[in-house]
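Student: I'd like to ask you about the structure that follows.
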Amino acid sequence: MRNVQDAADETARDHRILSRMLADADALCQCGDALLNGQYRHLRGRIAALLDITIPAGDAETAA
């Protein structure tokens, strides 16, 4: 069984990865491709939602 610190480290890692993915999704939304723009916005929204639920504990306390 994982300990609490390992779970917190994984959550922080996931948050960093999702932050980079959100920046990439923002870039895709700016590309101007009319056929894919809706898909890019949807992707960005999904990533943003995941980012919200993976806020590391220390960051969540300062955000409140």
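Each chain of the structure tokens is named A, B, ... in the order shown, its residues numbered from 1; ligands are numbered from 1 in display order.
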Using only C-alpha atoms, which protein or nucleic acid residues come within 12 Å of region 21-34 of chain A? Drop anything in the same chain fewer than 6 positions from it, and give the result as a list of chain:residue names.

Tutor: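 Answer for this query is A:Asp14, A:His15, A:Tyr40, A:Arg41, A:His42, A:Leu43, A:Arg44, A:Gly45, A:Arg46, A:Ile47, A:Ala48, A:Ala49, A:Leu50, A:Leu51, A:Asp52.
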
Student: DSSP on the backbone: what in chain A comes out helix (DSSP H, G or I), as JSON, numbers by chain?

Tutor: {"A": [4, 5, 6, 7, 8, 9, 10, 11, 12, 13, 14, 15, 16, 17, 18, 19, 20, 21, 22, 23, 24, 25, 26, 27, 28, 29, 37, 38, 39, 40, 41, 42, 43, 44, 45, 46, 47, 48, 49, 50, 51, 52, 53, 57, 58, 59, 60, 61, 62, 63]}

Student: Those residues with C-alpha atoms, as a compact mmCIF listing (two decimals), in the first residue's frame please?

Tutor:
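Result written to result34.txt:
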```
# COMPACT_ATOMS: atom_id res chain seq x y z
CA VAL A 4 0.29 9.42 2.02
CA GLN A 5 3.49 11.16 0.90
CA ASP A 6 3.75 8.98 -2.22
CA ALA A 7 0.15 9.82 -3.14
CA ALA A 8 0.82 13.54 -2.62
CA ASP A 9 3.95 13.35 -4.78
CA GLU A 10 2.00 11.64 -7.56
CA THR A 11 -0.76 14.25 -7.36
CA ALA A 12 1.80 17.07 -7.58
CA ARG A 13 3.44 15.34 -10.58
CA ASP A 14 0.07 14.92 -12.29
CA HIS A 15 -0.70 18.59 -11.67
CA ARG A 16 2.59 19.68 -13.29
CA ILE A 17 1.96 17.46 -16.32
CA LEU A 18 -1.59 18.75 -16.72
CA SER A 19 -0.34 22.34 -16.44
CA ARG A 20 1.97 21.75 -19.39
CA MET A 21 -0.82 20.01 -21.31
CA LEU A 22 -3.10 23.00 -20.70
CA ALA A 23 -0.49 25.33 -22.19
CA ASP A 24 -0.30 23.07 -25.26
CA ALA A 25 -4.10 22.98 -25.51
CA ASP A 26 -4.16 26.79 -25.36
CA ALA A 27 -1.73 26.87 -28.27
CA LEU A 28 -3.93 24.47 -30.24
CA CYS A 29 -6.97 26.69 -29.62
CA ASN A 37 -11.25 24.29 -33.15
CA GLY A 38 -14.28 22.84 -31.35
CA GLN A 39 -12.35 19.68 -30.51
CA TYR A 40 -9.41 21.73 -29.24
CA ARG A 41 -11.69 23.81 -26.99
CA HIS A 42 -13.31 20.64 -25.66
CA LEU A 43 -9.89 19.11 -24.98
CA ARG A 44 -8.79 22.28 -23.20
CA GLY A 45 -11.89 22.20 -21.01
CA ARG A 46 -11.30 18.57 -20.03
CA ILE A 47 -7.67 19.29 -19.14
CA ALA A 48 -8.68 22.36 -17.12
CA ALA A 49 -11.19 20.26 -15.16
CA LEU A 50 -8.56 17.64 -14.39
CA LEU A 51 -6.16 20.38 -13.37
CA ASP A 52 -8.73 21.69 -10.87
CA ILE A 53 -9.06 18.33 -9.15
CA ALA A 57 -2.54 20.18 -0.90
CA GLY A 58 -0.25 23.15 -0.23
CA ASP A 59 -1.58 25.06 -3.24
CA ALA A 60 -5.20 24.30 -2.30
CA GLU A 61 -4.72 25.86 1.13
CA THR A 62 -3.30 29.09 -0.34
CA ALA A 63 -6.05 29.25 -2.97
```
